[in-house]
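Here's input.csv, which has CSV, C-alpha atoms:
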chain,number,residue,atom,x,y,z
A,1,MET,CA,23.0,-6.2,-16.8
A,2,ALA,CA,24.1,-9.2,-18.7
A,3,THR,CA,27.2,-10.2,-20.8
A,4,GLN,CA,27.6,-12.7,-23.6
A,5,ALA,CA,30.2,-14.9,-21.9
A,6,SER,CA,31.6,-17.6,-24.2
A,7,SER,CA,34.7,-19.2,-22.6
A,8,ILE,CA,35.1,-20.3,-19.0
A,9,GLY,CA,37.5,-17.4,-18.5
A,10,ASP,CA,34.8,-15.0,-19.7
A,11,HIS,CA,32.3,-16.6,-17.3
A,12,LEU,CA,34.6,-16.4,-14.3
A,13,ARG,CA,35.6,-12.8,-15.0
A,14,ASP,CA,32.0,-11.7,-15.5
A,15,TRP,CA,30.8,-13.3,-12.2
A,16,ARG,CA,33.9,-12.1,-10.3
A,17,LYS,CA,33.3,-8.5,-11.4
A,18,ARG,CA,29.6,-8.9,-10.7
A,19,LYS,CA,30.5,-9.9,-7.1
A,20,ARG,CA,33.1,-7.2,-6.9
A,21,MET,CA,35.9,-9.6,-6.1
A,22,SER,CA,39.5,-9.3,-7.2
A,23,GLN,CA,41.4,-12.2,-8.6
A,24,LEU,CA,43.3,-12.4,-5.4
A,25,ASP,CA,40.1,-12.4,-3.3
A,26,LEU,CA,38.6,-15.3,-5.3
A,27,ALA,CA,41.9,-17.2,-5.4
A,28,LEU,CA,42.3,-17.0,-1.6
A,29,ASP,CA,38.6,-18.0,-1.1
A,30,ALA,CA,39.0,-21.0,-3.4
A,31,GLU,CA,42.4,-21.9,-2.1
A,32,ILE,CA,44.2,-21.7,-5.4
A,33,SER,CA,47.0,-19.4,-6.6
A,34,ALA,CA,46.1,-16.0,-8.1
A,35,ARG,CA,48.5,-16.9,-10.9
A,36,HIS,CA,46.5,-20.1,-11.8
A,37,LEU,CA,43.2,-18.2,-11.7
A,38,SER,CA,44.7,-15.6,-14.0
A,39,PHE,CA,45.7,-18.3,-16.4
A,40,VAL,CA,42.2,-19.7,-16.4
A,41,GLU,CA,40.6,-16.4,-17.0
A,42,THR,CA,43.0,-15.7,-20.0
A,43,GLY,CA,42.6,-19.1,-21.5
A,44,ARG,CA,46.1,-20.2,-20.8
A,45,SER,CA,45.0,-23.0,-18.4
A,46,ARG,CA,42.0,-25.3,-18.5
A,47,PRO,CA,40.4,-25.8,-15.0
A,48,SER,CA,39.3,-29.2,-13.8
A,49,ARG,CA,35.6,-29.9,-13.4
A,50,GLU,CA,36.0,-29.7,-9.6
A,51,MET,CA,37.7,-26.3,-9.9
A,52,VAL,CA,34.9,-24.9,-12.0
A,53,LEU,CA,32.3,-26.0,-9.4
A,54,THR,CA,34.5,-24.7,-6.5
A,55,LEU,CA,34.9,-21.3,-8.1
A,56,ALA,CA,31.2,-21.1,-9.0
A,57,ASP,CA,30.3,-22.0,-5.4
A,58,ARG,CA,32.6,-19.3,-4.0
A,59,LEU,CA,31.0,-16.8,-6.4
A,60,GLY,CA,27.5,-17.8,-5.5
A,61,VAL,CA,26.6,-18.6,-9.1
A,62,PRO,CA,23.1,-20.0,-9.6
A,63,LEU,CA,22.8,-23.6,-10.7
A,64,ARG,CA,21.7,-22.8,-14.3
A,65,GLU,CA,24.7,-20.6,-14.8
A,66,GLN,CA,27.0,-23.2,-13.1
A,67,ASN,CA,25.9,-25.6,-15.9
A,68,ALA,CA,26.7,-23.0,-18.5
A,69,MET,CA,30.2,-22.6,-16.9
A,70,LEU,CA,30.8,-26.3,-17.1
A,71,LEU,CA,29.8,-26.4,-20.7
A,72,ALA,CA,32.1,-23.5,-21.5
A,73,ALA,CA,34.9,-25.4,-19.8
A,74,GLY,CA,34.1,-28.6,-21.9
A,75,TYR,CA,32.3,-30.6,-19.3
A,76,ALA,CA,28.8,-32.0,-19.0
A,77,PRO,CA,26.3,-30.1,-16.8
A,78,ALA,CA,26.2,-31.1,-13.2
A,79,PHE,CA,22.6,-30.2,-12.4
A,80,SER,CA,19.4,-31.5,-13.9
A,81,ALA,CA,16.6,-29.2,-15.2
A,82,HIS,CA,13.4,-31.2,-15.1
A,83,GLY,CA,10.1,-29.7,-16.0
A,84,PHE,CA,8.0,-28.8,-12.9
A,85,ALA,CA,5.3,-31.3,-14.1
A,86,SER,CA,7.8,-34.2,-14.5
A,87,ASP,CA,7.7,-37.3,-12.4
A,88,ALA,CA,11.2,-36.5,-11.1
A,89,LEU,CA,9.8,-33.5,-9.3
A,90,ALA,CA,6.6,-35.2,-8.0
A,91,ALA,CA,7.7,-35.0,-4.3
A,92,ALA,CA,8.6,-31.3,-4.7
A,93,ARG,CA,5.3,-30.6,-6.5
A,94,GLN,CA,3.4,-32.2,-3.7
A,95,ALA,CA,5.2,-30.1,-1.2
A,96,VAL,CA,4.4,-26.9,-3.1
A,97,ASP,CA,0.7,-27.9,-3.4
A,98,HIS,CA,0.6,-28.6,0.3
A,99,ILE,CA,2.0,-25.2,1.3
A,100,LEU,CA,-0.3,-23.4,-1.1
A,101,LYS,CA,-3.4,-25.2,0.1
A,102,ALA,CA,-2.5,-25.0,3.7
A,103,HIS,CA,-2.2,-21.2,3.4
A,104,GLU,CA,-5.9,-20.7,2.4
A,105,PRO,CA,-7.9,-18.6,3.0
A,106,PHE,CA,-4.9,-16.3,2.3
A,107,PRO,CA,-3.3,-16.0,-1.1
A,108,ALA,CA,-0.2,-17.9,-2.1
A,109,ILE,CA,1.6,-18.4,-5.4
A,110,ALA,CA,4.6,-20.2,-6.8
A,111,VAL,CA,6.7,-18.5,-9.6
A,112,ASP,CA,9.8,-19.4,-11.6
A,113,ARG,CA,12.9,-17.3,-12.2
A,114,HIS,CA,11.1,-15.0,-14.7
A,115,TRP,CA,8.2,-14.4,-12.3
A,116,THR,CA,6.0,-16.7,-14.4
A,117,LEU,CA,3.1,-18.2,-12.4
A,118,VAL,CA,3.7,-21.9,-11.8
A,119,ALA,CA,0.9,-22.6,-9.2
A,120,ALA,CA,-1.5,-20.7,-7.0
A,121,ASN,CA,-4.1,-21.5,-4.3
A,122,GLY,CA,-7.8,-20.9,-4.5
A,123,ALA,CA,-7.6,-17.6,-2.5
A,124,ILE,CA,-5.8,-15.8,-5.3
A,125,GLY,CA,-8.8,-15.6,-7.6
A,126,PRO,CA,-10.8,-12.9,-5.7
A,127,LEU,CA,-7.8,-10.6,-5.8
A,128,LEU,CA,-7.6,-10.6,-9.6
A,129,GLY,CA,-10.9,-8.7,-10.2
A,130,GLY,CA,-10.7,-6.1,-12.9
A,131,ALA,CA,-7.5,-7.5,-14.6
A,132,ALA,CA,-7.7,-7.7,-18.4
A,133,ALA,CA,-8.2,-11.2,-19.7
A,134,HIS,CA,-5.0,-11.1,-21.8
A,135,LEU,CA,-2.9,-10.7,-18.7
A,136,LEU,CA,-4.5,-13.8,-17.1
A,137,GLU,CA,-3.8,-16.0,-20.1
A,138,PRO,CA,-1.0,-18.5,-19.5
A,139,PRO,CA,1.9,-18.0,-19.1
A,140,VAL,CA,1.0,-15.4,-16.5
A,141,ASN,CA,3.8,-13.1,-15.5
A,142,VAL,CA,2.9,-11.9,-12.0
A,143,LEU,CA,5.0,-8.7,-12.0
A,144,ARG,CA,3.4,-7.7,-15.3
A,145,LEU,CA,0.0,-8.5,-14.0
A,146,ALA,CA,0.7,-6.4,-10.9
A,147,MET,CA,2.1,-3.3,-12.7
A,148,HIS,CA,0.3,-3.2,-16.0
A,149,PRO,CA,-2.2,-0.4,-16.4
A,150,GLU,CA,-4.8,-3.0,-17.3
A,151,GLY,CA,-3.8,-5.3,-14.5
A,152,LEU,CA,-3.9,-4.8,-10.7
A,153,ALA,CA,-2.1,-1.4,-10.8
A,154,PRO,CA,-5.3,0.7,-10.7
A,155,ARG,CA,-6.4,-1.1,-7.6
A,156,ILE,CA,-3.1,-0.7,-5.7
A,157,VAL,CA,-3.6,2.1,-3.2
A,158,ASN,CA,0.1,2.6,-2.5
A,159,ARG,CA,1.0,2.1,-6.2
A,160,ALA,CA,4.1,4.4,-6.3
A,161,ALA,CA,5.8,2.8,-3.3
A,162,TRP,CA,4.8,-0.8,-4.3
A,163,SER,CA,6.0,-0.3,-7.9
A,164,GLY,CA,9.3,1.0,-6.6
A,165,HIS,CA,9.6,-2.1,-4.4
A,166,LEU,CA,8.9,-4.5,-7.3
A,167,LEU,CA,11.3,-2.6,-9.6
A,168,THR,CA,14.1,-2.6,-7.1
A,169,ARG,CA,13.6,-6.3,-6.4
A,170,LEU,CA,13.5,-7.2,-10.2
A,171,GLN,CA,16.6,-5.1,-10.9
A,172,ARG,CA,18.5,-6.8,-8.1
A,173,ASP,CA,17.5,-10.2,-9.5
A,174,ALA,CA,18.5,-9.2,-13.0
A,175,PHE,CA,22.0,-8.0,-11.9
A,176,ALA,CA,22.6,-11.0,-9.6
A,177,THR,CA,21.8,-13.5,-12.4
A,178,GLY,CA,22.8,-11.6,-15.5
A,179,ASP,CA,19.6,-12.8,-17.1
A,180,PRO,CA,18.6,-10.7,-20.1
A,181,VAL,CA,15.0,-11.7,-19.8
A,182,LEU,CA,14.8,-10.2,-16.4
A,183,ALA,CA,16.6,-7.0,-17.6
A,184,ASP,CA,14.0,-6.7,-20.5
A,185,LEU,CA,11.2,-7.2,-18.1
A,186,TRP,CA,12.6,-4.5,-15.8
A,187,ARG,CA,12.7,-2.0,-18.6
A,188,GLU,CA,9.1,-2.9,-19.6
A,189,LEU,CA,7.7,-2.5,-16.1
A,190,ALA,CA,9.7,0.7,-15.5
A,191,ASP,CA,7.7,2.3,-18.3
A,192,TYR,CA,4.5,1.4,-16.6
A,193,ALA,CA,5.5,3.1,-13.4
A,194,PRO,CA,7.2,6.5,-14.0
A,195,ASP,CA,6.0,7.6,-10.6
A,196,ALA,CA,7.7,4.7,-8.7
A,197,GLU,CA,9.3,5.8,-5.5
A,198,GLY,CA,11.5,4.3,-2.8
A,199,HIS,CA,10.2,2.6,0.3
A,200,ASP,CA,10.0,4.7,3.4
A,201,ALA,CA,12.6,3.1,5.6
A,202,ALA,CA,10.9,4.4,8.7
A,203,GLY,CA,8.2,1.7,8.4
A,204,ILE,CA,8.6,-1.9,9.6
A,205,PHE,CA,7.5,-3.3,6.3
A,206,LEU,CA,5.8,-2.2,3.1
A,207,PRO,CA,2.3,-3.7,2.7
A,208,LEU,CA,0.5,-4.3,-0.5
A,209,MET,CA,-2.6,-2.3,-0.2
A,210,LEU,CA,-5.3,-3.4,-2.7
A,211,ARG,CA,-8.7,-1.8,-3.1
A,212,GLY,CA,-11.4,-4.4,-2.6
A,213,GLU,CA,-15.1,-4.7,-2.9
A,214,GLY,CA,-17.2,-1.7,-1.7
A,215,GLY,CA,-14.2,0.6,-1.5
A,216,SER,CA,-12.5,-1.4,1.3
A,217,THR,CA,-8.8,-1.8,1.4
A,218,LEU,CA,-7.0,-5.2,1.7
A,219,SER,CA,-3.6,-4.9,3.2
A,220,PHE,CA,-1.0,-7.7,2.9
A,221,ILE,CA,2.6,-8.5,3.9
A,222,SER,CA,4.4,-11.4,2.2
A,223,THR,CA,7.1,-13.9,2.7
A,224,ILE,CA,9.3,-15.7,0.1
A,225,THR,CA,10.1,-19.4,0.5
A,226,ASN,CA,12.7,-21.4,-1.5
A,227,PHE,CA,13.8,-25.0,-1.4
A,228,GLY,CA,16.7,-25.4,1.0
A,229,THR,CA,19.0,-27.8,-0.8
A,230,PRO,CA,18.0,-28.0,-4.5
A,231,ALA,CA,20.1,-30.0,-6.9
A,232,ASP,CA,17.8,-29.3,-9.8
A,233,VAL,CA,17.7,-26.0,-11.8
A,234,THR,CA,13.9,-25.8,-11.8
A,235,LEU,CA,13.7,-26.2,-8.0
A,236,ALA,CA,16.5,-23.8,-7.4
A,237,GLU,CA,14.7,-21.1,-9.3
A,238,LEU,CA,11.2,-21.7,-7.8
A,239,SER,CA,9.9,-19.3,-5.2
A,240,LEU,CA,6.7,-19.4,-3.1
A,241,GLU,CA,5.2,-16.1,-2.1
A,242,THR,CA,2.7,-16.3,0.7
A,243,PHE,CA,0.5,-13.3,1.6
A,244,PHE,CA,-0.7,-12.6,5.1
A,245,PRO,CA,-3.2,-10.1,6.3
A,246,ALA,CA,-1.5,-6.9,7.6
A,247,ASP,CA,-4.6,-5.9,9.7
A,248,ASP,CA,-7.7,-7.4,11.3
A,249,GLU,CA,-10.0,-6.0,8.6
A,250,THR,CA,-8.2,-7.8,5.8
A,251,ARG,CA,-8.1,-11.0,7.9
A,252,ALA,CA,-11.9,-10.8,8.5
A,253,ALA,CA,-12.6,-10.1,4.8
A,254,LEU,CA,-10.6,-13.1,3.6
A,255,VAL,CA,-11.9,-15.5,6.2
A,256,GLY,CA,-15.4,-14.4,5.4
A,257,HIS,CA,-14.9,-15.0,1.7
A,258,ARG,CA,-14.3,-18.8,2.2

Would you mind writing the structure in this file as structure tokens?
Amino acid sequence: MATQASSIGDHLRDWRKRKRMSQLDLALDAEISARHLSFVETGRSRPSREMVLTLADRLGVPLREQNAMLLAAGYAPAFSAHGFASDALAAARQAVDHILKAHEPFPAIAVDRHWTLVAANGAIGPLLGGAAAHLLEPPVNVLRLAMHPEGLAPRIVNRAAWSGHLLTRLQRDAFATGDPVLADLWRELADYAPDAEGHDAAGIFLPLMLRGEGGSTLSFISTITNFGTPADVTLAELSLETFFPADDETRAALVGHR
């Protein structure tokens, strides 16, 4: 899923093949000659900073990897990568906190590119009952927490379908970014769910069905939110997942839990 690209030519070739684009396709899209692109990929020509960013944009390369491409071409990174707790991201952090708090009494979380928990609202706590303490110690990986045999997996009613959904999603992310950490995580989680199955396309959506107190079942659908115009690597990789009741019984149980 990932390659060890070193030169700018290696990076471009890797991303172009990942996007299933020919040199001609990319050259036309970037409005340069295919000959020049070929020279860049083979190391016979050094692209300008602007050309690196243009090619990266046409290939849909994530900001972190765009910085790596610039470094490989001999240029300084274009995008900052502040820590989420830094003063520079104070406004974004406030926005995240507002969204999470406003979503109560329904669960909501924020995760980074490796699915590490960054923030959560107060409604998430009651859903974590039964999970082993070591899975709840920071840094918490929410996919590992969901699929580990000592995590939420024993409480997930539709475990096979939900595991299949998470594995497909993780595999897609690993391929799209070329991130070896995500590839390793996918292999680990796949071992936890040998019975994972595909989602039945006949349904409107696949709910997360979680066994609650007294044998009841909590059913959720979720949405993913990202910052619209990030110019910082951390913000570009941050995702907010908000869970909504999929039925009246779940809504009543969560509202009554406040």

Using only C-alpha atoms - which residues lie no farther than 12 Å from the point (45.3, -17.2, -10.6) in the file's frame? Write them as a compact mmCIF listing (two decimals) with C-alpha atoms, in the coordinates of the input.
# COMPACT_ATOMS: atom_id res chain seq x y z
CA GLY A 9 37.50 -17.40 -18.50
CA LEU A 12 34.60 -16.40 -14.30
CA ARG A 13 35.60 -12.80 -15.00
CA SER A 22 39.50 -9.30 -7.20
CA GLN A 23 41.40 -12.20 -8.60
CA LEU A 24 43.30 -12.40 -5.40
CA ASP A 25 40.10 -12.40 -3.30
CA LEU A 26 38.60 -15.30 -5.30
CA ALA A 27 41.90 -17.20 -5.40
CA LEU A 28 42.30 -17.00 -1.60
CA ASP A 29 38.60 -18.00 -1.10
CA ALA A 30 39.00 -21.00 -3.40
CA GLU A 31 42.40 -21.90 -2.10
CA ILE A 32 44.20 -21.70 -5.40
CA SER A 33 47.00 -19.40 -6.60
CA ALA A 34 46.10 -16.00 -8.10
CA ARG A 35 48.50 -16.90 -10.90
CA HIS A 36 46.50 -20.10 -11.80
CA LEU A 37 43.20 -18.20 -11.70
CA SER A 38 44.70 -15.60 -14.00
CA PHE A 39 45.70 -18.30 -16.40
CA VAL A 40 42.20 -19.70 -16.40
CA GLU A 41 40.60 -16.40 -17.00
CA THR A 42 43.00 -15.70 -20.00
CA GLY A 43 42.60 -19.10 -21.50
CA ARG A 44 46.10 -20.20 -20.80
CA SER A 45 45.00 -23.00 -18.40
CA ARG A 46 42.00 -25.30 -18.50
CA PRO A 47 40.40 -25.80 -15.00
CA MET A 51 37.70 -26.30 -9.90
CA LEU A 55 34.90 -21.30 -8.10

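Contact shell of A:Leu136 at 12 Å (only C-alpha atoms; same-chain neighbours under 3 positions omitted): Thr116, Leu117, Gly125, Leu128, Gly129, Gly130, Ala131, Ala132, Ala133, Pro139, Val140, Asn141, Val142, Leu143, Arg144, Leu145, Ala146, His148, Glu150, Gly151 and Leu152 of chain A.
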
(request) Show which residues sit within 10 Å of stretch 65-79 of chain A, as a count of residues only. Count all atoms listed in the file, and ignore same-chain residues fewer than 6 positions away. (result) 29

(message) Please determine, counting only C-alpha atoms, which residue among A:Thr250, A:Ser163, A:Ser86, A:Asn121 has the shortest atom-to-atom distance to A:Leu100.
(response)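 Selected residue with least distance to A:Leu100: A:Asn121.
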
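Of the listed residues A:Pro154, A:Gly228, A:Gly212, A:Pro180, the one whose atoms come nearest to A:Ala193 is A:Pro154, with distances taken using all atoms listed in the file.
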